[in-house]
Amino acid sequence: MQQDEQTADIVVVGGGIVGLSSAIALKDRGQDVVLCDPGEARARTSYGNAGVVSRGSIFPMSSPALWGKLPAYLRNADPGLRLRHRHLLRVMPWAAHFLASARASAWRRAADALAPLTNAAYPEHRRLADRAGVPHLLRECGWVKLYRTEAAFAGAALEREILSRHGVPFEIVEGPAIQALEPALIRPFARAMLLPETGAVGDPGGLVEAAERLFAGLGGRTVRTTVSRLEPQADGWRVVHPGGTIRARQVVLATGAAANELARLLGYRFAFAAERGYHRHYALQPGSPALTRPIYDTGAASILSPMGEGRVRVLSGVEVADRHAPPDYGQIEAAAREAAGTVRLGQPLDNRPWLGSRPSTPDGLPVIGPAPRHPGLIFAFGHGHIGLSTGPITGQLVADLATGRAPAVPVAPFAPERLLGLPRL
């Protein structure tokens, strides 16, 4: 069979929100761009998240609270984390440094690095939604963190202190005012924290599809394929896929949790893990008030997010397992049982829960920057729980790096070198 060969200025590998945003921003800079993605929309983490775009998303998963919860985590007795123990050996370098990052000083440093990124997230999302012709998919409605007990609220004091230091506004709500704020709630909560400067994407998959159409309308080319390897050449790069090759001056690697597989072929071994997450859609019971914004029930470690047309997306906590391991629906089933005590859930609307993998770095910061040993290769992955939120602004940063401009947001804290030089603990 004859192999196809194309040429471009730059190839973006990965068609989730980070890759698409990068491809669109590069087209805006006058680049000839080819995007490589297999086109499996439901497989992208950009499809399956909570749709939250918040200035307050500045906290890595590895927090000082980890140490108190560790015994329960190891026994799979906490809803926030499910460990598939037989897969842990594969992520031990990540796990060791993840634990080492669970310090207040590291949490503060991470927040310092992430705040400029999340500050720019909503404006870039609004710009993307407007350009893509789907402004209705993004609403600035705030989101709410709910605490079942006063002790749980007191335990989040450091989070509120750091939010205040970075000028992220929040309001504390208590007693009957909580249900007045969100009438769909039926469970009593001791306290709530409303973060008003937060947007909600009512259909993350629809937003990604609209971005694909925008990219095509700008003259971008998409090759529906999985990339096999990246080959450095004297004059740039050769991107190899089953149907042929693409030659380009530069390559952007933006394949999320799968990025390590291609990076390893070039000698880069990141301390990296896949944080898997599940969701399922439910109807609300007839006559129940609609859920007006995403809510995070900290006692159940799960999020409920309105997704339009009367649907509520219930999202589980994190599962640490091999990216290709078969699903275990126990965690999302438990989250749904808890959710049914928080709002009046009706019947499930999906035949089975969705499963996707978030790319997780041990310090909770994304990898955004040039590859240390390969000119013309830019890494853009590892965004964890803020991939959808920070995808459009990351695309602008990638375009800045590729065209020699000073990045609009400081990217030094996200440099690949910080993870490649980690010692074995």
# chains A, B, ... in the order shown; residues from 1 in each chain; ligands from 1
>>> closest_atom_pairs(of="region 263-365 of chain A", to="region 51-68 of chain A", cutoff="12 Å", atoms="only C-alpha atoms", output="tab-separated table")
residue	atom	partner	partner_atom	distance
A:Glu275	CA	A:Met61	CA	10.3
A:Arg293	CA	A:Val52	CA	9.3
A:Pro294	CA	A:Val52	CA	7.2
A:Ile295	CA	A:Val52	CA	9.7
A:Tyr296	CA	A:Val52	CA	10.6
A:Ala301	CA	A:Met61	CA	11.9
A:Ile303	CA	A:Val52	CA	10.1
A:Leu304	CA	A:Gly51	CA	10.3
A:Ser305	CA	A:Gly51	CA	7.5
A:Pro306	CA	A:Gly51	CA	9.1
A:Met307	CA	A:Gly51	CA	8.6
A:Gly308	CA	A:Gly51	CA	11.8
A:Val312	CA	A:Gly51	CA	11.8
A:Arg313	CA	A:Gly51	CA	9.8
A:Val314	CA	A:Gly51	CA	11.7
A:Leu315	CA	A:Gly51	CA	10.9
A:Gly317	CA	A:Met61	CA	10.9
A:Val318	CA	A:Met61	CA	9.6
A:Arg358	CA	A:Met61	CA	11.9
A:Ser360	CA	A:Met61	CA	9.1
A:Thr361	CA	A:Pro60	CA	9.3
A:Pro362	CA	A:Ser62	CA	7.6
A:Asp363	CA	A:Pro60	CA	6.9
A:Gly364	CA	A:Pro60	CA	4.5
A:Leu365	CA	A:Pro60	CA	7.3
>>> closest_atom_pairs(of="region 324-362 of chain A", to="region 182-206 of chain A", cutoff="7 Å", atoms="only C-alpha atoms", output="CSV")
residue,atom,partner,partner_atom,distance
A:Gly341,CA,A:Arg187,CA,6.1
A:Thr342,CA,A:Arg187,CA,4.8
A:Val343,CA,A:Leu185,CA,5.0
>>> write_last_selection(atoms="C-alpha atoms", output="compact mmCIF listing (two decimals), in the first residue's frame")
# COMPACT_ATOMS: atom_id res chain seq x y z
CA GLY A 341 -28.65 11.87 48.88
CA THR A 342 -27.46 15.31 47.78
CA VAL A 343 -29.89 16.02 44.92
>>> atom_distance(atom1="CA of Ala399 (chain A)", atom2="CA of Ala115 (chain A)")
20.3 Å
>>> select_by_dssp(residues="region 145-365 of chain A", states="alpha helix (DSSP H)", output="VMD selection string")
chain A and resid 150 to 154 157 to 165 176 to 181 204 to 217 259 to 265 330 to 339
>>> closest_residue(among="A:Val208, A:Ala152, A:Leu262, A:Ala380", to="Arg44 (chain A)", atoms="only C-alpha atoms")
A:Val208
>>> atom_distance(atom1="CA of Ile393 (chain A)", atom2="CA of Ala258 (chain A)")
20.9 Å
>>> residues_around(residues="Ala321 (chain A)", least_positions_apart="6", cutoff="8 Å", atoms="only C-alpha atoms", output="PyMOL selection string")
chain A and resi 83-85+87-88+274-276
>>> select_by_dssp(residues="region 157-358 of chain A", states="strand (DSSP E)", output="ChimeraX atom specification")
/A:171-174,191-195,198-201,221-223,229-233,236-241,244-253,273-284,295-297,302-306,311-315,318-320,345-348,354-358
>>> atom_distance(atom1="CA of Gly404 (chain A)", atom2="CA of Ala129 (chain A)")
26.4 Å
>>> residues_around(residues="Gln285 (chain A)", least_positions_apart="6", cutoff="12 Å", atoms="only C-alpha atoms", output="list in words")
Ala184, Leu291, Gly310, Arg311, Val312, Ala340, Val343, Arg344, Leu345, Gly346, Gln347 and Pro348 of chain A
>>> closest_residue(among="A:Trp143, A:Phe381, A:Phe414, A:Tyr282", to="Glu171 (chain A)", atoms="only C-alpha atoms")
A:Trp143
>>> closest_residue(among="A:Met92, A:Leu117, A:Ile332, A:Val251", to="Val411 (chain A)", atoms="only C-alpha atoms")
A:Leu117
>>> residues_around(residues="Glu40 (chain A)", least_positions_apart="6", cutoff="12 Å", atoms="only C-alpha atoms", output="PyMOL selection string")
chain A and resi 14-16+46-47+205+208-209+224-226+356
>>> write_last_selection(atoms="C-alpha atoms", output="PDB file, in the first residue's frame")
ATOM      1  CA  GLY A  14      -3.245  15.191  20.188  1.00  0.00           C
ATOM      2  CA  GLY A  15      -6.737  16.545  19.543  1.00  0.00           C
ATOM      3  CA  GLY A  16      -8.035  17.219  23.035  1.00  0.00           C
ATOM      4  CA  SER A  46     -11.617  16.808  27.440  1.00  0.00           C
ATOM      5  CA  TYR A  47     -14.956  15.053  26.881  1.00  0.00           C
ATOM      6  CA  GLY A 205     -17.489  17.347  24.217  1.00  0.00           C
ATOM      7  CA  VAL A 208     -14.207  20.325  21.565  1.00  0.00           C
ATOM      8  CA  GLU A 209     -16.248  19.474  18.449  1.00  0.00           C
ATOM      9  CA  ARG A 224      -7.308  10.939  11.820  1.00  0.00           C
ATOM     10  CA  THR A 225      -4.570   8.663  13.064  1.00  0.00           C
ATOM     11  CA  THR A 226      -2.511   7.567  16.030  1.00  0.00           C
ATOM     12  CA  GLY A 356     -10.985   8.479  31.082  1.00  0.00           C
TER      13      GLY A 356
END
>>> residues_around(residues="Arg352 (chain A)", least_positions_apart="2", cutoff="10 Å", atoms="only C-alpha atoms", output="list in words")
His279, Arg280, His281, Tyr329, Pro348, Leu349, Asp350, Trp354 and Leu355 of chain A
>>> write_last_selection(atoms="N, CA and C atoms", output="mmCIF file, in the first residue's frame")
data_model
loop_
_atom_site.group_PDB
_atom_site.id
_atom_site.type_symbol
_atom_site.label_atom_id
_atom_site.label_comp_id
_atom_site.auth_asym_id
_atom_site.auth_seq_id
_atom_site.Cartn_x
_atom_site.Cartn_y
_atom_site.Cartn_z
ATOM 1 N N HIS A 279 -17.485 8.987 35.067
ATOM 2 C CA HIS A 279 -18.694 9.792 35.237
ATOM 3 C C HIS A 279 -19.881 9.032 34.659
ATOM 4 N N ARG A 280 -21.075 9.469 35.095
ATOM 5 C CA ARG A 280 -22.312 8.948 34.522
ATOM 6 C C ARG A 280 -23.366 10.042 34.601
ATOM 7 N N HIS A 281 -24.223 10.105 33.593
ATOM 8 C CA HIS A 281 -25.285 11.115 33.549
ATOM 9 C C HIS A 281 -26.579 10.561 34.132
ATOM 10 N N TYR A 329 -16.209 -0.207 38.189
ATOM 11 C CA TYR A 329 -17.247 0.798 38.368
ATOM 12 C C TYR A 329 -17.661 1.009 39.825
ATOM 13 N N PRO A 348 -30.355 6.685 35.495
ATOM 14 C CA PRO A 348 -29.159 6.941 34.682
ATOM 15 C C PRO A 348 -29.534 7.069 33.209
ATOM 16 N N LEU A 349 -28.821 7.935 32.507
ATOM 17 C CA LEU A 349 -29.092 8.193 31.098
ATOM 18 C C LEU A 349 -28.073 7.534 30.181
ATOM 19 N N ASP A 350 -27.044 6.896 30.752
ATOM 20 C CA ASP A 350 -26.025 6.204 29.973
ATOM 21 C C ASP A 350 -26.136 4.707 30.228
ATOM 22 N N TRP A 354 -18.742 6.362 31.933
ATOM 23 C CA TRP A 354 -17.586 6.740 31.107
ATOM 24 C C TRP A 354 -16.328 6.648 31.951
ATOM 25 N N LEU A 355 -15.214 6.307 31.319
ATOM 26 C CA LEU A 355 -13.908 6.236 31.984
ATOM 27 C C LEU A 355 -12.877 6.948 31.134
#
>>> residues_around(residues="Asp235 (chain A)", least_positions_apart="6", cutoff="10 Å", atoms="only C-alpha atoms", output="MDAnalysis selection string")
chainID A and resid 247:250 376
